[in-house]
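Visitor: Dropping a structure here in structure tokens format, bear with me for questions.
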Amino acid sequence: MRLFRLTVTQLVDDGTYFVVEHDGVLAGCGGWSRRTTMYGGDQSPGRNAALLDPATDAARIRAMYTHPDFVRRGVGRLILSLCERAAKAEGFRRADLAATMAGEPLYRACGYQPAEKFVDDHGGAPVPILMMSKTL
């Protein structure tokens, strides 16, 4: 069963992308980045692969996805904790993310604080985004 098209090759190439399987089925995935781009896939405009400085910049939590059959079973929280631990191990003291409305409750429950809210319409359909941040 094909669930989605992976379009975050920079995260995969950097080794910062996690996949959670349950009995051979993709339950969820997500990653973190030490690069400037905040969100969006390979096809998104405005990509910036410049490296962030852990002493002054926040790591980026990116490309979080939980299959609908696995929501509310700890998959998203597991991936998020793996990302946070890995970013912290590389010296990052904060993490930022661009939350969709579906992900916002999880991120709030995991300690992320809301910042700026905006609508991204680069993909054709407007998508509400809430920027969130957390001290690691």
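Simple scheme: letters A, B, ... for chains in structure tokens order, numbers from 1 for residues in each chain, numbers from 1 for ligands in the order shown.
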Need the shell around segment 49-59 of chain A: protein/DNA/RNA residues with any atom at most 9 Å away, counting only C-alpha atoms. Skip same-chain ones fewer than 2 positions apart. Format as a list in words?

Guide: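 Once the adjacent positions are removed, what remains is Gln10, Trp32, Ser33, Arg34, Arg35, Thr36, Thr37, Arg47, Ile61, Glu84, Ala87, Lys88, Glu90, Gly91, Phe92, Arg93, Arg94, Ala95, Asp96, Leu97, Ser133, Lys134 and Thr135 of chain A.
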
Visitor: Any chance you can output those residues with C-alpha atoms as a tab-separated table (two decimals), in the first residue's frame?

Guide:
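Heads up, here's the output in selection.tsv:
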chain	number	residue	atom	x	y	z
A	10	GLN	CA	17.43	16.37	2.05
A	32	TRP	CA	14.43	17.21	11.92
A	33	SER	CA	16.80	19.42	10.04
A	34	ARG	CA	19.97	21.35	10.64
A	35	ARG	CA	19.19	23.37	7.51
A	36	THR	CA	17.40	26.70	6.99
A	37	THR	CA	14.29	25.45	5.15
A	47	ARG	CA	14.28	25.98	-0.44
A	61	ILE	CA	11.13	19.68	12.99
A	84	GLU	CA	14.31	16.42	19.64
A	87	ALA	CA	18.85	17.72	17.50
A	88	LYS	CA	19.85	18.25	21.13
A	90	GLU	CA	24.05	17.98	17.90
A	91	GLY	CA	24.00	21.04	20.14
A	92	PHE	CA	20.66	22.63	19.27
A	93	ARG	CA	18.92	24.23	22.24
A	94	ARG	CA	15.62	25.00	20.52
A	95	ALA	CA	13.37	23.46	17.92
A	96	ASP	CA	10.94	25.25	15.62
A	97	LEU	CA	8.20	23.78	13.49
A	133	SER	CA	8.90	26.70	19.18
A	134	LYS	CA	10.27	24.71	22.12
A	135	THR	CA	13.37	24.83	24.30

Visitor: Arg73 of chain A: which residues within 12 Å, counting only C-alpha atoms, same-chain residues fewer than 3 positions away excluded, as a list in words?

Guide: Val20, His22, Ala27, Gly28, Thr66, His67, Pro68, Asp69, Phe70, Gly76, Arg77, Leu78, Ile79 and Leu106 of chain A

Visitor: Quick one: DSSP strand (DSSP E or B) residues in chain A, as an NGL selection string?

Guide: :A and (17-22 or 25-33 or 35 or 51 or 59-66 or 94-99 or 113-120 or 127-135)

Visitor: With only C-alpha atoms as the atoms that count, which of A:Gly31, A:Leu11, A:Met132, A:Leu26 lies nearest to Ala109 of chain A?

Guide: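 Using only C-alpha atoms, the shortest distance to Ala109 of chain A belongs to A:Met132.
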
Visitor: If you run DSSP on this backbone, which residues of segment 2-114 of chain A come out as helix (DSSP H, G or I), and could you give them as number ranges by chain?

Guide: A: 9-14, 68-70, 75-89, 104-109

Visitor: Enter the distance from atom CA of Pro105 of chain A to atom CA of Arg60 of chain A, in Å, rounded to one decimal.

Guide: 18.1 Å
